[in-house]
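Data from structure_18.cif: mmCIF, C-alpha atoms and all ligand atoms
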```
data_final
#
loop_
_atom_site.label_atom_id
_atom_site.label_comp_id
_atom_site.auth_asym_id
_atom_site.auth_seq_id
_atom_site.Cartn_x
_atom_site.Cartn_y
_atom_site.Cartn_z
CA MET A 266 43.74 57.45 150.10
CA ALA A 267 42.25 54.98 147.69
CA TYR A 268 41.16 54.21 144.15
CA LEU A 269 38.38 56.67 143.31
CA SER A 270 36.07 54.89 140.91
CA ASN A 271 33.99 57.98 140.05
CA LEU A 272 37.01 59.77 138.54
CA THR A 273 38.87 59.53 135.23
CA LEU A 274 41.92 61.66 134.48
CA PHE A 275 42.76 62.47 130.86
CA TYR A 276 46.42 63.44 130.72
CA LYS A 277 49.55 63.54 128.63
CA PRO A 278 52.84 62.65 130.37
CA ALA A 279 54.83 65.51 128.78
CA CYS A 280 52.31 68.19 129.85
CA PRO A 281 53.58 70.24 132.83
CA TYR A 282 50.03 70.95 134.02
CA CYS A 283 49.31 67.21 134.00
CA GLN A 284 52.58 66.59 135.85
CA LYS A 285 51.44 69.00 138.58
CA VAL A 286 48.17 67.06 139.00
CA LEU A 287 49.96 63.69 138.84
CA ALA A 288 52.47 64.83 141.49
CA TYR A 289 49.65 65.82 143.85
CA MET A 290 47.89 62.50 143.27
CA GLU A 291 51.10 60.60 143.99
CA GLU A 292 51.80 62.67 147.10
CA GLN A 293 48.31 61.97 148.43
CA ASP A 294 48.23 58.39 147.17
CA ILE A 295 45.14 59.06 145.05
CA ALA A 296 44.45 56.64 142.20
CA CYS A 297 41.76 56.65 139.54
CA GLU A 298 41.19 55.54 135.96
CA MET A 299 43.86 57.17 133.78
CA LYS A 300 43.60 57.91 130.06
CA ASP A 301 46.73 58.91 128.16
CA THR A 302 45.81 61.09 125.19
CA ARG A 303 48.82 59.81 123.22
CA ILE A 304 46.80 56.62 122.66
CA PRO A 305 44.80 56.85 119.41
CA GLY A 306 41.15 57.65 120.00
CA VAL A 307 41.58 58.93 123.56
CA THR A 308 41.61 62.63 122.60
CA ASP A 309 38.43 62.07 120.57
CA GLU A 310 36.88 60.50 123.66
CA LEU A 311 37.88 63.54 125.75
CA VAL A 312 36.45 65.99 123.19
CA ALA A 313 33.21 63.99 123.11
CA ILE A 314 32.87 64.35 126.89
CA GLY A 315 34.26 67.82 127.52
CA GLY A 316 34.21 69.61 124.17
CA LYS A 317 37.94 70.39 124.28
CA ALA A 318 41.16 68.42 123.79
CA GLN A 319 42.92 70.28 126.63
CA VAL A 320 44.64 68.24 129.29
CA PRO A 321 44.56 67.66 132.16
CA CYS A 322 40.85 67.02 132.40
CA LEU A 323 39.30 65.23 135.34
CA ILE A 324 35.94 63.59 134.70
CA ILE A 325 33.93 63.60 137.91
CA ASP A 326 30.84 61.42 137.74
CA GLY A 327 30.73 62.08 133.99
CA GLU A 328 31.28 65.84 134.25
CA PRO A 329 34.50 67.37 132.87
CA MET A 330 36.74 69.60 134.96
CA TYR A 331 39.55 71.33 133.03
CA GLU A 332 42.29 73.47 134.63
CA SER A 333 44.98 71.85 136.75
CA ASP A 334 44.50 74.26 139.67
CA ASP A 335 40.76 73.49 139.82
CA ILE A 336 41.48 69.76 139.64
CA ILE A 337 43.99 69.95 142.50
CA GLN A 338 41.58 72.04 144.56
CA TYR A 339 38.85 69.46 143.96
CA LEU A 340 41.19 66.61 144.96
CA ARG A 341 42.20 68.53 148.12
CA GLY A 342 38.54 68.54 149.10
CA VAL A 343 38.35 64.78 148.56
CA VAL A 344 41.43 64.25 150.75
CA VAL A 345 40.08 66.47 153.55
CA THR A 346 36.70 64.71 153.47
CA ASP A 347 38.51 61.35 153.63
CA GLU A 348 40.63 62.49 156.59
CA LEU A 349 37.54 63.64 158.47
CA GLY A 350 36.27 60.10 158.04
N1 LIG B 401 45.51 76.37 132.26
C1 LIG B 401 45.53 74.99 131.89
C2 LIG B 401 46.56 74.76 130.81
C3 LIG B 401 46.51 73.34 130.23
C4 LIG B 401 47.27 73.26 128.92
O1 LIG B 401 47.72 74.28 128.37
N2 LIG B 401 47.42 72.03 128.43
C5 LIG B 401 48.05 71.82 127.15
C6 LIG B 401 49.07 70.69 127.20
S1 LIG B 401 50.46 71.15 128.22
C7 LIG B 401 47.00 71.38 126.15
O2 LIG B 401 46.20 70.50 126.43
N3 LIG B 401 46.98 72.01 124.96
C8 LIG B 401 46.15 71.56 123.88
C9 LIG B 401 44.76 72.14 123.93
O3 LIG B 401 44.49 73.06 124.73
O4 LIG B 401 43.93 71.66 123.13
C10 LIG B 401 45.76 74.13 133.14
O5 LIG B 401 46.35 74.65 134.11
O6 LIG B 401 45.33 72.97 133.16
#
```
Represent the structure contained in this file as structure tokens.
Ligand SMILES: N[C@@H](CCC(=O)N[C@@H](CS)C(=O)NCC(=O)O)C(=O)O
Amino acid sequence: MAYLSNLTLFYKPACPYCQKVLAYMEEQDIACEMKDTRIPGVTDELVAIGGKAQVPCLIIDGEPMYESDDIIQYLRGVVVTDELG
């Protein structure tokens, strides 16, 4: 896979739901902009976009997607589309 420039992942390293998403991304070699909510101001940025501080949150073309299972399902679709060429 590749660097997906339309995606931003808000995450926190200690969060098990984030770890699940990060593991899938690593397994599939998916990279995108990453924002660690431990950095001051990043959670405020997430709330401004998505309305909630919950992580993980994947921003897809400016639209927030919360819920790790939904994020992984979305990324699966990206991988399949890529494999179909
Ligand atoms: N069902 C969610 C759970 C996510 C979740 O509970 N994240 C925690 C961190 S481990 C969190 O962000 N809690 C703070 C909040 O919800 O504002 C998922 O699967 O993504």
Pick from A:Met266, A:Met330, A:Cys283, A:Val345 nearest to Asp301 of chain A, counting only C-alpha atoms: A:Cys283
Exercise on ligand LIG 401 (chain B), axis-aligned box with 5 Å per side, report centre and edge lengths in Å to one decimal, as lines of an AutoDock Vina configuration file:
```
center_x = 47.2
center_y = 73.4
center_z = 128.6
size_x = 16.5
size_y = 15.9
size_z = 21.0
```
Find the residues near ligand LIG 401 (chain B). Use a cut-off of 9 Å, count only C-alpha atoms and all ligand atoms, and write them as number ranges by chain. A: 276-277, 279-283, 285-286, 317-322, 331-336
So, counting all atoms listed in the file, which residue among A:Arg341, A:Ile314, A:Thr302, A:Met290 is closest to Ala267 of chain A?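 Checking each of A:Arg341, A:Ile314, A:Thr302, A:Met290 against Ala267 of chain A, counting all atoms listed in the file, the winner is A:Met290.
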What separation in Å, quoted to one decimal, exists between atom CA of Ser270 of chain A and atom CA of Leu323 of chain A?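 One can read the atom CA of Ser270 of chain A to atom CA of Leu323 of chain A distance as 12.2 Å.
A straight line drawn from atom CA of Gly315 of chain A to atom CA of Gly327 of chain A is 9.3 Å long.
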Given the choices A:Pro329, A:Thr346, A:Cys297, A:Tyr339, which gets closest to Thr273 of chain A if the distance is worked out from all atoms listed in the file?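 Among the listed residues, the smallest separation from Thr273 of chain A belongs to A:Cys297.
A straight line drawn from atom CA of Gln293 of chain A to atom CA of Val344 of chain A is 7.6 Å long.
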Using all atoms listed in the file, find the one residue out of A:Gln284, A:Gly350, A:Pro278, A:Leu269 that sits nearest to Ile304 of chain A.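 Selected residue with least distance to Ile304 of chain A: A:Pro278.
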Under the rule that only C-alpha atoms are counted, which of A:Val312, A:Ile324, A:Leu349, A:Leu340 is the nearest residue to Asp294 of chain A? A:Leu340
